[in-house]
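Colleague: The following block contains the structure, expressed as structure tokens.
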Amino acid sequence: MPASDGAADPLGATHWALADPTRRAILAQLVAGEAPVTELAAPYEMSLPAVSKHLKVLERAGLIERSRHAQWRPCRLAPEPLKEVADWVEHYRGLWEERLDRLDAYLVELQGDDR
């Protein structure tokens, strides 16, 4: 997925972007509002170009938007892809819960046979 722009598989691009803890932390910073790259980079012991690479992944996944105001290049959170991930997870939640309930019932049955 690194070379992809995310257009062919937006959900995959979002998952790829969210897989990295630094990118998740950057998104958490942006929950408070717009921030310039230098502010987003401040908590990390990495170069600005390294932070910019993380921002490009987030931008390709549609998770952030970048604009230009004179010398200031603020980034802001774009929540739509996060909603798509939440919707995807919700779609499978019932299936997962049903399977876990069946596993729980089976384990209880096994424990009953041991007694």
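Chain labels run A, B, ... following the order of the structure tokens; each chain numbers its residues from 1, and ligands are numbered from 1 in the order shown.
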If you count only C-alpha atoms, which residues fall within 7 Å of segment 80-82 of chain A, apart from same-chain ones fewer than 2 positions away, as a ChimeraX atom specification?

Modeller: /A:14,62-63,78,84-86

Colleague: Neighbours of Glu65 of chain A within 8 Å (only C-alpha atoms; same-chain residues fewer than 6 positions away dropped), as a VMD selection string?

Modeller: chain A and resid 59 75 to 78

Colleague: My list of candidates is A:Leu100, A:Pro74, A:Leu95, A:Lys53. Which is closest to Glu39 of chain A when distances are computed with only C-alpha atoms?

Modeller: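 Ranked by minimum distance to Glu39 of chain A, first place goes to A:Pro74.
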
Colleague: Between A:Arg60, A:Ala28, A:Gln111, A:Asp101, single out the one closest to Ala13 of chain A, counting only C-alpha atoms.

Modeller: A:Arg60

Colleague: Just how far from atom CA of Ala8 of chain A is atom CA of Ala50 of chain A, in Å to one decimal?

Modeller: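 Those two atoms sit 25.4 Å apart.
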
Colleague: Which of chain A counts as strand (DSSP E) under DSSP, as number ranges by chain please?

Modeller: A: 35-36, 64-66, 74-77

Colleague: Please produce a file of those selected residues containing N, CA, C and O atoms, as a short mmCIF file (atom, residue, chain, number, x, y, z; two decimals), in the first residue's frame.

Modeller:
```
data_model
loop_
_atom_site.label_atom_id
_atom_site.label_comp_id
_atom_site.auth_asym_id
_atom_site.auth_seq_id
_atom_site.Cartn_x
_atom_site.Cartn_y
_atom_site.Cartn_z
N ALA A 35 -3.00 22.58 12.85
CA ALA A 35 -1.66 22.76 13.40
C ALA A 35 -0.66 22.76 12.25
O ALA A 35 -0.83 22.03 11.28
N PRO A 36 0.40 23.56 12.39
CA PRO A 36 1.45 23.55 11.37
C PRO A 36 2.34 22.31 11.54
O PRO A 36 2.37 21.69 12.61
N ILE A 64 -6.15 13.63 6.53
CA ILE A 64 -5.85 15.04 6.82
C ILE A 64 -5.94 15.84 5.53
O ILE A 64 -5.86 15.28 4.43
N GLU A 65 -6.10 17.12 5.70
CA GLU A 65 -6.06 18.07 4.59
C GLU A 65 -5.00 19.10 4.92
O GLU A 65 -4.85 19.50 6.08
N ARG A 66 -4.27 19.52 3.90
CA ARG A 66 -3.24 20.53 4.09
C ARG A 66 -3.58 21.72 3.21
O ARG A 66 -4.06 21.57 2.10
N PRO A 74 -0.87 24.77 7.39
CA PRO A 74 -1.59 24.04 8.43
C PRO A 74 -2.17 22.72 7.94
O PRO A 74 -2.50 22.56 6.76
N CYS A 75 -2.26 21.78 8.87
CA CYS A 75 -2.91 20.49 8.61
C CYS A 75 -4.16 20.44 9.47
O CYS A 75 -4.20 20.97 10.58
N ARG A 76 -5.19 19.78 8.95
CA ARG A 76 -6.42 19.61 9.73
C ARG A 76 -6.95 18.21 9.50
O ARG A 76 -6.74 17.62 8.45
N LEU A 77 -7.64 17.72 10.50
CA LEU A 77 -8.23 16.40 10.46
C LEU A 77 -9.37 16.36 9.45
O LEU A 77 -10.17 17.30 9.37
#
```

Colleague: Go through A:Glu98, A:Glu109, A:Asp87, A:Asp20 and flag the residue nearest Leu58 of chain A, using only C-alpha atoms for the distances.

Modeller: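 Residue with the minimum atom-to-atom distance to Leu58 of chain A: A:Asp20.
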
Colleague: With only C-alpha atoms as the atoms that count, which of A:Tyr106, A:Ala41, A:His91, A:Pro49 lies nearest to Ile26 of chain A?

Modeller: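 For Ile26 of chain A, the nearest of the given residues is A:Ala41.
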
Colleague: Could you tell me how far atom CA of Val51 of chain A sits from atom CA of Ala32 of chain A, in Å to one decimal place?

Modeller: 18.5 Å

Colleague: How far is it from atom CA of Tyr44 of chain A to atom CA of Ala25 of chain A, in Å with one decimal?

Modeller: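 Pair atom CA of Tyr44 of chain A / atom CA of Ala25 of chain A returns 10.0 Å.
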
Colleague: Please return, as a ChimeraX atom specification, all residues of chain A that DSSP assigns to helix (DSSP H, G or I) on the basis of the backbone.

Modeller: /A:10-18,21-30,37-41,48-60,80-114
